[in-house]
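Colleague: Contents are mmCIF, C-alpha atoms; file name coords29.cif:
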data_final
loop_
_atom_site.label_atom_id
_atom_site.label_comp_id
_atom_site.auth_asym_id
_atom_site.auth_seq_id
_atom_site.Cartn_x
_atom_site.Cartn_y
_atom_site.Cartn_z
CA MET A 7 0.00 0.00 0.00
CA SER A 8 2.89 2.38 0.68
CA LEU A 9 4.13 1.89 -2.90
CA LEU A 10 0.68 2.61 -4.31
CA ASN A 11 0.48 5.70 -2.10
CA ALA A 12 3.85 6.90 -3.37
CA LEU A 13 2.68 6.37 -6.94
CA GLY A 14 -0.65 8.13 -6.36
CA LEU A 15 -2.75 5.01 -6.99
CA HIS A 16 -3.77 4.07 -3.45
CA ARG A 17 -7.57 4.31 -3.88
CA ARG A 18 -9.83 2.52 -6.33
CA GLU A 19 -11.23 5.73 -7.83
CA LEU A 20 -7.69 7.04 -8.40
CA ARG A 21 -6.71 3.86 -10.24
CA ALA A 22 -9.94 3.93 -12.25
CA TRP A 23 -9.39 7.57 -13.20
CA ALA A 24 -5.76 6.95 -14.21
CA MET A 25 -6.81 3.98 -16.36
CA TYR A 26 -8.36 6.36 -18.87
CA ASP A 27 -4.82 7.53 -19.63
CA TRP A 28 -4.03 3.86 -20.34
CA ALA A 29 -7.22 3.58 -22.45
CA ASN A 30 -6.60 6.55 -24.73
CA SER A 31 -2.84 5.90 -24.94
CA GLY A 32 -3.25 3.69 -28.01
CA MET A 33 -4.98 6.53 -29.83
CA MET A 34 -2.35 9.07 -28.77
CA THR A 35 0.59 6.77 -29.51
CA ILE A 36 -0.44 4.91 -32.65
CA ILE A 37 -2.81 7.38 -34.36
CA ILE A 38 -1.43 10.76 -33.28
CA THR A 39 2.28 10.03 -32.94
CA ALA A 40 3.66 6.84 -34.43
CA ILE A 41 1.97 4.70 -37.07
CA PHE A 42 -0.81 6.78 -38.61
CA PRO A 43 1.43 9.76 -39.57
CA ILE A 44 3.71 7.37 -41.49
CA TYR A 45 0.71 5.57 -42.98
CA PHE A 46 -0.80 8.91 -44.04
CA SER A 47 2.43 10.02 -45.71
CA SER A 48 3.46 6.75 -47.37
CA VAL A 49 0.10 5.09 -48.15
CA ALA A 50 -2.93 7.39 -47.97
CA ALA A 51 -1.01 10.30 -49.56
CA HIS A 52 1.52 8.21 -51.49
CA ASP A 53 0.82 10.08 -54.74
CA LEU A 54 1.72 13.45 -53.16
CA PRO A 55 5.24 14.87 -52.69
CA ARG A 56 6.52 14.16 -49.17
CA THR A 57 6.67 17.83 -48.21
CA GLU A 58 3.09 18.28 -49.45
CA ALA A 59 1.94 15.29 -47.37
CA THR A 60 3.59 16.82 -44.28
CA TYR A 61 1.95 20.16 -45.03
CA ARG A 62 -1.53 18.61 -45.36
CA TYR A 63 -1.07 16.57 -42.20
CA ALA A 64 -0.21 19.76 -40.32
CA LEU A 65 -3.31 21.47 -41.74
CA ILE A 66 -5.77 18.71 -40.77
CA THR A 67 -4.23 18.63 -37.29
CA THR A 68 -4.76 22.38 -37.02
CA LEU A 69 -8.37 22.15 -38.23
CA ALA A 70 -9.30 19.46 -35.70
CA LEU A 71 -7.82 21.41 -32.82
CA ILE A 72 -9.59 24.63 -33.84
CA VAL A 73 -12.95 22.83 -33.68
CA ILE A 74 -12.42 21.41 -30.19
CA ALA A 75 -10.95 24.70 -28.97
CA VAL A 76 -14.17 26.47 -29.94
CA LEU A 77 -16.39 23.79 -28.38
CA ALA A 78 -14.47 23.09 -25.15
CA PRO A 79 -15.65 25.96 -22.88
CA VAL A 80 -19.31 25.41 -23.76
CA LEU A 81 -18.98 21.65 -23.27
CA GLY A 82 -17.33 22.24 -19.90
CA ALA A 83 -20.09 24.61 -18.79
CA ILE A 84 -22.79 22.11 -19.83
CA ALA A 85 -21.01 19.30 -17.97
CA ASP A 86 -20.79 21.33 -14.74
CA HIS A 87 -24.28 22.82 -15.00
CA ALA A 88 -26.04 19.49 -15.68
CA GLY A 89 -23.64 17.15 -13.87
CA VAL A 90 -22.96 15.04 -16.98
CA LYS A 91 -19.17 14.81 -17.15
CA LYS A 92 -19.23 11.02 -17.49
CA ARG A 93 -21.96 11.07 -20.12
CA MET A 94 -20.13 13.69 -22.18
CA LEU A 95 -16.85 11.82 -21.86
CA GLY A 96 -18.60 8.63 -22.98
CA ALA A 97 -20.14 10.34 -26.01
CA PHE A 98 -16.83 11.73 -27.24
CA MET A 99 -15.05 8.45 -26.54
CA THR A 100 -17.64 6.52 -28.58
CA ILE A 101 -17.31 8.87 -31.56
CA GLY A 102 -13.53 8.57 -31.40
CA VAL A 103 -13.62 4.78 -31.17
CA MET A 104 -15.84 4.57 -34.25
CA ALA A 105 -13.64 6.97 -36.28
CA VAL A 106 -10.47 5.04 -35.45
CA ALA A 107 -12.11 1.69 -36.26
CA LEU A 108 -13.17 3.05 -39.66
CA MET A 109 -9.52 3.81 -40.48
CA PHE A 110 -9.36 0.11 -41.38
CA PHE A 111 -10.89 1.11 -44.74
CA VAL A 112 -8.22 3.71 -45.63
CA GLY A 113 -6.18 2.42 -48.57
CA PRO A 114 -3.54 3.77 -50.98
CA GLY A 115 -4.44 7.23 -52.24
CA ASP A 116 -7.35 7.64 -49.78
CA TRP A 117 -5.85 10.70 -48.12
CA ARG A 118 -9.20 12.53 -48.05
CA LEU A 119 -10.91 9.70 -46.13
CA ALA A 120 -7.87 9.45 -43.86
CA ALA A 121 -8.02 13.20 -43.23
CA VAL A 122 -11.74 13.20 -42.36
CA LEU A 123 -11.44 10.25 -39.96
CA PHE A 124 -8.30 11.71 -38.37
CA ILE A 125 -10.04 15.05 -37.80
CA ILE A 126 -13.06 13.34 -36.18
CA ALA A 127 -10.89 11.10 -33.99
CA ASN A 128 -8.72 14.05 -32.98
CA ILE A 129 -11.75 16.13 -32.00
CA ALA A 130 -13.20 13.20 -30.07
CA VAL A 131 -10.13 12.29 -28.02
CA ASN A 132 -9.34 15.90 -27.17
CA GLY A 133 -12.97 16.56 -26.32
CA SER A 134 -12.94 13.63 -23.90
CA PHE A 135 -9.90 15.13 -22.16
CA VAL A 136 -11.96 18.17 -21.12
CA PHE A 137 -14.11 15.95 -18.89
CA TYR A 138 -11.37 13.50 -17.92
CA ASP A 139 -9.07 16.26 -16.66
CA ALA A 140 -12.02 17.89 -14.86
CA PHE A 141 -12.35 14.82 -12.63
CA LEU A 142 -8.82 15.26 -11.24
CA PRO A 143 -9.64 17.79 -8.45
CA HIS A 144 -12.64 15.63 -7.49
CA VAL A 145 -10.86 12.27 -7.19
CA ALA A 146 -7.61 13.58 -5.68
CA GLU A 147 -6.94 15.68 -2.58
CA PRO A 148 -4.85 18.85 -3.05
CA ASP A 149 -1.66 17.19 -1.79
CA GLU A 150 -2.25 14.17 -4.07
CA MET A 151 -2.83 15.86 -7.41
CA ASP A 152 0.77 16.00 -8.65
CA ARG A 153 1.30 12.29 -7.89
CA VAL A 154 -2.06 11.23 -9.33
CA SER A 155 -1.63 13.29 -12.50
CA THR A 156 1.87 11.95 -13.17
CA ALA A 157 0.66 8.41 -12.38
CA GLY A 158 -1.97 8.80 -15.10
CA TYR A 159 0.66 9.82 -17.63
CA ALA A 160 2.90 6.93 -16.55
CA LEU A 161 0.08 4.41 -17.03
CA GLY A 162 -0.53 5.98 -20.42
CA TYR A 163 3.07 5.31 -21.36
CA VAL A 164 2.79 1.69 -20.23
CA GLY A 165 -0.46 1.07 -22.10
CA GLY A 166 0.60 2.92 -25.22
CA GLY A 167 3.99 1.21 -25.24
CA LEU A 168 2.51 -2.28 -24.92
CA LEU A 169 -0.06 -1.77 -27.68
CA LEU A 170 2.54 -0.11 -29.91
CA ALA A 171 4.99 -2.99 -29.40
CA PHE A 172 2.31 -5.54 -30.28
CA SER A 173 1.19 -3.54 -33.33
CA LEU A 174 4.76 -3.14 -34.60
CA ALA A 175 5.41 -6.85 -34.20
CA MET A 176 2.29 -7.57 -36.25
CA ILE A 177 3.28 -5.03 -38.94
CA MET A 178 6.89 -6.20 -39.19
CA LYS A 179 6.22 -9.97 -38.92
CA PRO A 180 2.66 -10.45 -40.23
CA GLY A 181 3.22 -14.13 -41.00
CA ALA A 182 3.72 -14.86 -37.31
CA PHE A 183 0.18 -13.63 -36.72
CA GLY A 184 -1.39 -15.61 -39.53
CA LEU A 185 -1.56 -12.59 -41.84
CA PRO A 186 -0.48 -12.46 -45.51
CA SER A 187 3.27 -12.07 -45.94
CA GLY A 188 5.82 -12.29 -48.72
CA PRO A 189 6.85 -10.30 -51.80
CA ASP A 190 3.79 -10.67 -54.05
CA LEU A 191 1.07 -9.11 -51.94
CA SER A 192 -1.70 -6.85 -53.16
CA PRO A 193 -1.84 -3.30 -51.72
CA ALA A 194 -4.73 -4.36 -49.47
CA GLU A 195 -2.71 -7.31 -48.13
CA GLN A 196 0.40 -5.16 -47.62
CA THR A 197 -1.50 -2.66 -45.50
CA LEU A 198 -3.69 -5.18 -43.65
CA PRO A 199 -1.51 -5.44 -40.48
CA THR A 200 -1.46 -1.66 -40.08
CA ARG A 201 -5.19 -1.39 -40.65
CA ILE A 202 -5.80 -4.13 -38.08
CA ALA A 203 -3.65 -2.11 -35.65
CA PHE A 204 -6.10 0.79 -36.06
CA VAL A 205 -9.00 -1.51 -35.09
CA LEU A 206 -7.04 -2.71 -32.05
CA VAL A 207 -6.63 0.92 -30.95
CA ALA A 208 -10.41 1.35 -31.03
CA ILE A 209 -10.99 -1.82 -28.98
CA TRP A 210 -8.26 -0.86 -26.48
CA TRP A 211 -9.72 2.62 -26.01
CA LEU A 212 -13.22 1.25 -25.42
CA VAL A 213 -12.40 -1.64 -23.07
CA PHE A 214 -9.98 0.14 -20.75
CA SER A 215 -12.30 3.12 -20.32
CA ILE A 216 -14.76 0.93 -18.41
CA PRO A 217 -13.13 1.33 -14.92
CA LEU A 218 -13.63 5.10 -14.99
CA PHE A 219 -17.33 4.75 -15.76
CA ARG A 220 -17.78 2.13 -13.04
CA HIS A 221 -15.78 3.56 -10.16
CA VAL A 222 -15.48 7.36 -10.56
CA ARG A 223 -18.49 9.23 -9.19
CA GLU A 224 -20.15 12.07 -11.06
CA PRO A 225 -19.58 15.32 -9.11
CA ARG A 226 -22.58 17.32 -7.98
CA ALA A 227 -24.15 19.53 -10.66
CA THR A 228 -23.66 23.28 -10.21
CA GLY A 229 -26.93 24.11 -11.96
CA THR A 230 -30.34 22.51 -12.32
CA GLY A 231 -29.02 19.06 -13.07
CA ARG A 232 -30.74 19.17 -16.47
CA LEU A 233 -29.16 19.67 -19.88
CA SER A 234 -29.72 23.36 -20.63
CA LEU A 235 -27.69 25.19 -23.22
CA GLY A 236 -29.03 28.54 -22.00
CA GLY A 237 -28.13 27.75 -18.39
CA ALA A 238 -24.68 26.58 -19.45
CA PHE A 239 -24.05 29.81 -21.38
CA ARG A 240 -25.17 31.91 -18.41
CA GLN A 241 -22.86 29.95 -16.13
CA LEU A 242 -20.01 30.30 -18.63
CA ALA A 243 -20.58 34.05 -18.85
CA GLY A 244 -20.44 34.25 -15.06
CA THR A 245 -17.19 32.32 -14.97
CA LEU A 246 -15.68 34.61 -17.59
CA ARG A 247 -16.59 37.60 -15.43
CA GLU A 248 -14.98 35.92 -12.43
CA LEU A 249 -11.68 35.13 -14.15
CA GLY A 250 -10.19 38.27 -12.65
CA ARG A 251 -10.45 36.58 -9.23
CA PHE A 252 -8.16 33.81 -10.45
CA ARG A 253 -5.39 35.85 -12.01
CA GLN A 254 -2.66 33.34 -11.22
CA ALA A 255 -4.60 30.52 -12.86
CA LEU A 256 -5.16 32.79 -15.86
CA LEU A 257 -1.44 33.61 -16.05
CA MET A 258 -0.69 29.90 -15.80
CA LEU A 259 -3.02 29.33 -18.75
CA LEU A 260 -1.19 31.92 -20.83
CA ALA A 261 2.20 30.41 -20.02
CA PHE A 262 0.85 26.95 -20.78
CA LEU A 263 -0.53 28.25 -24.09
CA ILE A 264 2.98 29.19 -25.16
CA TYR A 265 5.17 26.37 -23.92
CA ASN A 266 2.68 23.60 -24.63
CA ASP A 267 2.60 24.83 -28.21
CA GLY A 268 6.19 23.64 -28.49
CA ILE A 269 5.48 20.33 -26.75
CA GLY A 270 2.45 19.60 -28.93
CA THR A 271 4.30 20.44 -32.12
CA ILE A 272 7.12 18.04 -31.29
CA ILE A 273 4.66 15.27 -30.42
CA ARG A 274 2.57 15.71 -33.55
CA MET A 275 5.19 16.55 -36.16
CA ALA A 276 8.32 14.61 -35.12
CA THR A 277 7.53 11.32 -36.88
CA ILE A 278 6.36 12.82 -40.16
CA TYR A 279 9.39 15.19 -40.02
CA GLY A 280 11.68 12.19 -39.76
CA GLU A 281 9.78 10.51 -42.61
CA GLU A 282 10.35 13.60 -44.77
CA LEU A 283 14.08 13.48 -44.01
CA ARG A 284 13.97 9.81 -45.18
CA LEU A 285 15.32 8.48 -41.92
CA ASP A 286 15.24 4.73 -41.48
CA ARG A 287 11.75 3.70 -40.37
CA THR A 288 13.18 1.28 -37.86
CA SER A 289 14.82 4.25 -36.15
CA LEU A 290 11.59 6.25 -36.30
CA ILE A 291 9.56 3.51 -34.67
CA ALA A 292 12.30 2.66 -32.17
CA SER A 293 12.39 6.31 -31.13
CA ILE A 294 8.69 6.23 -30.28
CA MET A 295 9.18 3.06 -28.23
CA ILE A 296 12.01 4.82 -26.38
CA VAL A 297 9.73 7.76 -25.56
CA GLN A 298 7.05 5.39 -24.27
CA PHE A 299 9.18 3.28 -21.97
CA VAL A 300 11.63 5.96 -20.83
CA GLY A 301 8.58 8.08 -20.05
CA ILE A 302 7.24 5.60 -17.47
CA PRO A 303 9.87 6.07 -14.73
CA PHE A 304 10.43 9.72 -15.58
CA ALA A 305 6.73 10.55 -15.23
CA PHE A 306 6.82 9.12 -11.71
CA LEU A 307 10.14 10.93 -11.13
CA PHE A 308 8.52 14.26 -11.98
CA GLY A 309 5.80 13.52 -9.43
CA TRP A 310 8.54 12.99 -6.84
CA LEU A 311 10.37 16.14 -7.99
CA ALA A 312 7.20 18.17 -7.54
CA ARG A 313 7.13 17.17 -3.87
CA LYS A 314 10.81 18.06 -3.43
CA ILE A 315 11.26 21.26 -5.45
CA SER A 316 7.63 22.20 -6.38
CA ALA A 317 5.68 21.49 -9.55
CA LYS A 318 6.57 24.88 -11.00
CA ARG A 319 10.33 24.30 -10.76
CA ALA A 320 9.98 20.78 -12.15
CA ILE A 321 8.15 22.20 -15.17
CA PHE A 322 10.98 24.71 -15.66
CA LEU A 323 13.43 21.82 -15.80
CA GLY A 324 11.34 20.10 -18.47
CA LEU A 325 11.14 23.25 -20.59
CA LEU A 326 14.91 23.68 -20.47
CA VAL A 327 15.37 20.18 -21.86
CA TYR A 328 12.76 20.82 -24.54
CA ALA A 329 14.56 23.95 -25.74
CA GLY A 330 17.70 21.87 -26.14
CA ILE A 331 15.74 19.24 -28.09
CA SER A 332 14.59 21.87 -30.59
CA LEU A 333 18.14 23.08 -31.16
CA LEU A 334 19.44 19.54 -31.60
CA GLY A 335 16.55 18.69 -33.94
CA TYR A 336 17.71 21.37 -36.38
CA HIS A 337 21.02 19.55 -36.78
CA MET A 338 19.53 16.04 -36.91
CA LYS A 339 20.70 13.98 -39.88
CA THR A 340 20.76 10.31 -38.91
CA GLY A 341 18.59 7.71 -37.25
CA THR A 342 20.97 7.70 -34.29
CA HIS A 343 20.40 11.42 -33.79
CA PHE A 344 16.65 10.80 -33.81
CA LEU A 345 17.03 8.10 -31.14
CA ILE A 346 19.00 10.45 -28.90
CA LEU A 347 16.34 13.12 -29.24
CA ALA A 348 13.67 10.53 -28.44
CA LEU A 349 15.52 9.63 -25.24
CA LEU A 350 15.53 13.28 -24.21
CA VAL A 351 11.84 13.71 -25.05
CA GLY A 352 10.98 10.64 -23.00
CA THR A 353 12.61 12.13 -19.90
CA VAL A 354 10.41 15.24 -19.86
CA GLN A 355 7.26 14.81 -21.98
CA GLY A 356 4.90 13.11 -19.55
CA GLY A 357 6.12 14.83 -16.41
CA THR A 358 5.93 18.34 -17.84
CA GLN A 359 2.39 17.92 -19.14
CA ALA A 360 1.15 16.04 -16.07
CA LEU A 361 2.42 18.69 -13.67
CA SER A 362 0.95 21.45 -15.82
CA ARG A 363 -2.43 19.74 -15.47
CA SER A 364 -2.17 19.28 -11.71
CA LEU A 365 -0.72 22.76 -11.10
CA PHE A 366 -3.66 24.34 -12.91
CA ALA A 367 -6.12 22.06 -11.08
CA SER A 368 -4.77 23.28 -7.75
CA MET A 369 -5.60 26.90 -8.64
CA ILE A 370 -9.26 26.50 -9.69
CA PRO A 371 -12.47 25.95 -7.66
CA ARG A 372 -13.45 22.28 -7.79
CA GLU A 373 -17.18 22.84 -8.36
CA LYS A 374 -16.36 24.50 -11.71
CA SER A 375 -13.62 22.10 -12.76
CA ALA A 376 -15.12 21.19 -16.15
CA GLU A 377 -15.62 24.84 -17.05
CA PHE A 378 -12.08 25.76 -16.12
CA PHE A 379 -10.68 22.69 -17.85
CA GLY A 380 -12.76 23.77 -20.83
CA PHE A 381 -10.64 26.92 -20.86
CA PHE A 382 -7.58 24.75 -20.25
CA ALA A 383 -8.58 22.70 -23.31
CA VAL A 384 -8.96 25.88 -25.37
CA VAL A 385 -5.46 26.92 -24.43
CA GLU A 386 -4.11 23.42 -24.95
CA LYS A 387 -5.71 23.13 -28.39
CA PHE A 388 -4.71 26.59 -29.51
CA ALA A 389 -1.23 25.59 -28.41
CA GLY A 390 -1.60 22.67 -30.80
CA ILE A 391 -2.92 25.02 -33.48
CA PHE A 392 -0.17 27.64 -33.50
CA GLY A 393 2.73 25.17 -33.52
CA PRO A 394 1.69 23.00 -36.49
CA ALA A 395 0.39 26.11 -38.29
CA LEU A 396 3.76 27.83 -37.81
CA PHE A 397 5.47 24.59 -38.82
CA ALA A 398 3.45 24.51 -42.06
CA GLN A 399 4.06 28.20 -42.76
CA VAL A 400 7.82 27.92 -42.30
CA ILE A 401 7.81 24.97 -44.71
CA VAL A 402 6.02 27.17 -47.26
CA LEU A 403 8.52 30.01 -46.78
CA THR A 404 11.72 27.94 -46.68
CA GLY A 405 10.82 24.72 -48.49
CA SER A 406 12.25 22.73 -45.57
CA SER A 407 11.17 21.53 -42.15
CA ARG A 408 14.56 22.16 -40.50
CA ALA A 409 13.90 25.84 -39.88
CA ALA A 410 10.43 24.90 -38.64
CA ILE A 411 11.77 22.55 -35.96
CA LEU A 412 14.24 25.22 -34.86
CA SER A 413 11.47 27.82 -34.47
CA VAL A 414 9.81 25.64 -31.81
CA ALA A 415 12.51 26.59 -29.26
CA ALA A 416 11.02 30.08 -28.95
CA PHE A 417 7.84 28.65 -27.43
CA PHE A 418 9.74 27.12 -24.52
CA VAL A 419 11.73 30.28 -23.81
CA VAL A 420 8.72 32.61 -23.86
CA GLY A 421 6.41 30.19 -22.03
CA GLY A 422 8.98 29.52 -19.33
CA THR A 423 9.45 33.25 -18.82
CA MET A 424 5.72 33.73 -18.30
CA LEU A 425 5.53 30.77 -15.92
CA HIS A 426 8.16 32.46 -13.76
CA PHE A 427 5.64 35.17 -12.83
CA VAL A 428 2.91 32.74 -11.67
CA ASP A 429 2.42 32.98 -7.87
CA VAL A 430 1.22 29.45 -7.13
CA ALA A 431 0.46 29.97 -3.43
CA LYS A 432 -1.64 33.04 -4.18
CA GLY A 433 -3.53 31.18 -6.90
CA GLN A 434 -4.28 28.21 -4.63
CA ALA A 435 -5.50 30.52 -1.86
CA ALA A 436 -7.89 32.25 -4.28
CA ALA A 437 -9.35 28.90 -5.38
CA ARG A 438 -9.90 27.65 -1.82
CA ALA A 439 -11.52 30.98 -0.84
CA ALA A 440 -13.94 30.64 -3.79
CA GLU A 441 -14.88 27.12 -2.68
CA GLN A 442 -15.66 28.31 0.85
CA ALA A 443 -17.58 31.44 -0.17
CA PRO A 444 -20.99 29.75 -0.81
CA ALA A 445 -20.87 27.98 2.57
CA ALA A 446 -19.99 31.23 4.30
#
Written as structure tokens, that's how I'd like the structure from this file.

Modeller:
Amino acid sequence: MSLLNALGLHRRELRAWAMYDWANSGMMTIIITAIFPIYFSSVAAHDLPRTEATYRYALITTLALIVIAVLAPVLGAIADHAGVKKRMLGAFMTIGVMAVALMFFVGPGDWRLAAVLFIIANIAVNGSFVFYDAFLPHVAEPDEMDRVSTAGYALGYVGGGLLLAFSLAMIMKPGAFGLPSGPDLSPAEQTLPTRIAFVLVAIWWLVFSIPLFRHVREPRATGTGRLSLGGAFRQLAGTLRELGRFRQALLMLLAFLIYNDGIGTIIRMATIYGEELRLDRTSLIASIMIVQFVGIPFAFLFGWLARKISAKRAIFLGLLVYAGISLLGYHMKTGTHFLILALLVGTVQGGTQALSRSLFASMIPREKSAEFFGFFAVVEKFAGIFGPALFAQVIVLTGSSRAAILSVAAFFVVGGTMLHFVDVAKGQAAARAAEQAPAA
């Protein structure tokens, strides 16, 4: 029990909540990061120039994130007002599962179908995060949130790594799984293992979401308890007026907007960038495996660091490493270089994002968690919008992705500078005062 306590998984509802990170990890690892970007570039968009395929992938990523950024605050207000966080999470999860499963039908040249399904799946998984993240201040006590948040990311790395390893084994050795293999395969037979991997992602996402729905309780509604768009908008308008009371949380959001832009760009564009540079695909896939399995202990390590030096300082450390990754990425030429960068990413990716989530959660009133995480989602998605959009624009201006990867370093420098001015203690005091005000 002491080990589970140290890891932040000492209660059933904490483990059930963290399992959703495990559940969606296949989507984030295989569809967002590893296999689908390569499949999009080499199969679905095989008749397009590689740079053009990268450009279109960046554009569809941007479009999906714009949609969820617009929807997130309203969805969060509805979830709080009506007390339907679990129902909303389930709806978005179901849409995402169906979109990913339908990727089985994407064949050579079907880049338009691939784009539509990717946009829907991207909207769905990111929409589900609004409600998933909003449960954190309800399932975890204030002194538990850093550990619980990093534990969720660590479980995500484990789940994503296991499913990715299985999928890669099936893709590389299809005969061992009873699938067609050999030199004289039709295009449909050649792509079958990858398309089956997409279906496995959908099944994984669905099955491992069940613990959250069974064991995490729906928080009390802040409104009538009925679905009311008008009531949700009135509540959202009230929260917007109150944002001035939570200035430190707002400043944290602005800092997160900037530095998470860099993190999201590296996550979403690294594999297709390596594909454009014609790096060995074994190195590309191995790098993603490194990120997954190095990320497990380092996510827990960041939870420990937060207790020792504070979450804010631990995030600073992660941003410093990320700035170095951007500079090294500009000079990357070989598969070995890519593996080294993957090792560095694995040390900081999960911990930096997990502590950003828990640090923000500690500075907001719990009864409006979905609303505030709706704003968090807006910031997070716009962070994902600006980075890939800038990446695409630099490609247009320079004809190369090298300058684009170098430009990402600016996000970490500016975001880290803004984070420096966040007064965490003051922000937490404002949130607790808001929680006690109705009772008073």

Colleague: Output the residue selection produced by the PyMOL selection byres ((chain A and resi 328) around 12) on the file above, formatted as a PyMOL selection string.

Modeller: chain A and resi 265-273+321-327+329-335+347-355+358+411-412+414-419+421-422

Colleague: Restrict the selected residues to C-alpha atoms and save them as a compact mmCIF listing (two decimals), keeping the file's coordinate frame.

Modeller:
# COMPACT_ATOMS: atom_id res chain seq x y z
CA TYR A 265 5.17 26.37 -23.92
CA ASN A 266 2.68 23.60 -24.63
CA ASP A 267 2.60 24.83 -28.21
CA GLY A 268 6.19 23.64 -28.49
CA ILE A 269 5.48 20.33 -26.75
CA GLY A 270 2.45 19.60 -28.93
CA THR A 271 4.30 20.44 -32.12
CA ILE A 272 7.12 18.04 -31.29
CA ILE A 273 4.66 15.27 -30.42
CA ILE A 321 8.15 22.20 -15.17
CA PHE A 322 10.98 24.71 -15.66
CA LEU A 323 13.43 21.82 -15.80
CA GLY A 324 11.34 20.10 -18.47
CA LEU A 325 11.14 23.25 -20.59
CA LEU A 326 14.91 23.68 -20.47
CA VAL A 327 15.37 20.18 -21.86
CA ALA A 329 14.56 23.95 -25.74
CA GLY A 330 17.70 21.87 -26.14
CA ILE A 331 15.74 19.24 -28.09
CA SER A 332 14.59 21.87 -30.59
CA LEU A 333 18.14 23.08 -31.16
CA LEU A 334 19.44 19.54 -31.60
CA GLY A 335 16.55 18.69 -33.94
CA LEU A 347 16.34 13.12 -29.24
CA ALA A 348 13.67 10.53 -28.44
CA LEU A 349 15.52 9.63 -25.24
CA LEU A 350 15.53 13.28 -24.21
CA VAL A 351 11.84 13.71 -25.05
CA GLY A 352 10.98 10.64 -23.00
CA THR A 353 12.61 12.13 -19.90
CA VAL A 354 10.41 15.24 -19.86
CA GLN A 355 7.26 14.81 -21.98
CA THR A 358 5.93 18.34 -17.84
CA ILE A 411 11.77 22.55 -35.96
CA LEU A 412 14.24 25.22 -34.86
CA VAL A 414 9.81 25.64 -31.81
CA ALA A 415 12.51 26.59 -29.26
CA ALA A 416 11.02 30.08 -28.95
CA PHE A 417 7.84 28.65 -27.43
CA PHE A 418 9.74 27.12 -24.52
CA VAL A 419 11.73 30.28 -23.81
CA GLY A 421 6.41 30.19 -22.03
CA GLY A 422 8.98 29.52 -19.33

Colleague: Of the residues A:Leu256, A:Leu212, A:Ile202, A:Ala24, which is the one nearest to Gly102 in chain A, using all atoms listed in the file?

Modeller: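 Ranked by minimum distance to Gly102 in chain A, first place goes to A:Leu212.
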
Colleague: Which is closest to Gly82 in chain A among A:Ala146, A:Ala51, A:Ala376, A:Leu257, if we use all atoms listed in the file?

Modeller: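 Of all the options, A:Ala376 lies closest to Gly82 in chain A.
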
Colleague: How many Å separate CA of Ile72 in chain A from CA of Gly393 in chain A?

Modeller: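 Pair CA of Ile72 in chain A / CA of Gly393 in chain A returns 12.3 Å.
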
Colleague: Please return, as a list in words, all polymer residues that have at least one atom within 12 Å of the point (-9.4, -2.5, -35.4); use only C-alpha atoms and the file's own coordinate frame.

Modeller: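 Residues with an atom at most 12 Å from (-9.4, -2.5, -35.4): Gly32, Met33, Ile36, Ile37, Val103, Met104, Ala105, Val106, Ala107, Leu108, Met109, Phe110, Phe111, Ser173, Leu198, Pro199, Thr200, Arg201, Ile202, Ala203, Phe204, Val205, Leu206, Val207, Ala208, Ile209, Trp210, Trp211 and Leu212 of chain A.
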
Colleague: CA of Asn11 in chain A to CA of Gly158 in chain A: how many Å, to one decimal?

Modeller: 13.6 Å

Colleague: Mind giving me the straight-line distance from CA of Phe344 in chain A to CA of Pro43 in chain A in Å, one decimal?

Modeller: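 Interatomic distance, CA of Phe344 in chain A to CA of Pro43 in chain A: 16.3 Å.
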
Colleague: Would you kindly return, as a list in words, each protein, DNA or RNA residue with an atom no farther than 8 Å from any atom of Ala121 in chain A, considering all atoms listed in the file and excluding same-chain residues fewer than 4 positions away?

Modeller: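 Near neighbours after the sequence-gap exclusion: Tyr63, Ile66, Trp117 and Ile125 of chain A.
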
Colleague: Return the single residue from A:Val112, A:Ala130, A:Ala70, A:Leu119 that is closest to Leu95 in chain A, with distances computed using only C-alpha atoms.

Modeller: A:Ala130

Colleague: Name all residues at most 8 Å from Lys91 in chain A (count all atoms listed in the file; drop same-chain ones fewer than 2 positions away) and give them as a list in words.

Modeller: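 Everything that qualifies: Ala85, Asp86, Gly89, Arg93, Met94, Leu95, Phe137, Tyr138, Glu224 and Ala376 of chain A.
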
Colleague: Just so the selection is clear, what residues does the PyMOL selection byres ((chain A and resi 357) around 9) cover here, as a compact mmCIF listing (two decimals) with C-alpha atoms, in the coordinates of the input?

Modeller:
# COMPACT_ATOMS: atom_id res chain seq x y z
CA SER A 155 -1.63 13.29 -12.50
CA THR A 156 1.87 11.95 -13.17
CA TYR A 159 0.66 9.82 -17.63
CA ALA A 160 2.90 6.93 -16.55
CA GLY A 301 8.58 8.08 -20.05
CA PHE A 304 10.43 9.72 -15.58
CA ALA A 305 6.73 10.55 -15.23
CA PHE A 306 6.82 9.12 -11.71
CA LEU A 307 10.14 10.93 -11.13
CA PHE A 308 8.52 14.26 -11.98
CA GLY A 309 5.80 13.52 -9.43
CA ALA A 320 9.98 20.78 -12.15
CA ILE A 321 8.15 22.20 -15.17
CA GLY A 324 11.34 20.10 -18.47
CA THR A 353 12.61 12.13 -19.90
CA VAL A 354 10.41 15.24 -19.86
CA GLN A 355 7.26 14.81 -21.98
CA GLY A 356 4.90 13.11 -19.55
CA THR A 358 5.93 18.34 -17.84
CA GLN A 359 2.39 17.92 -19.14
CA ALA A 360 1.15 16.04 -16.07
CA LEU A 361 2.42 18.69 -13.67
CA SER A 362 0.95 21.45 -15.82
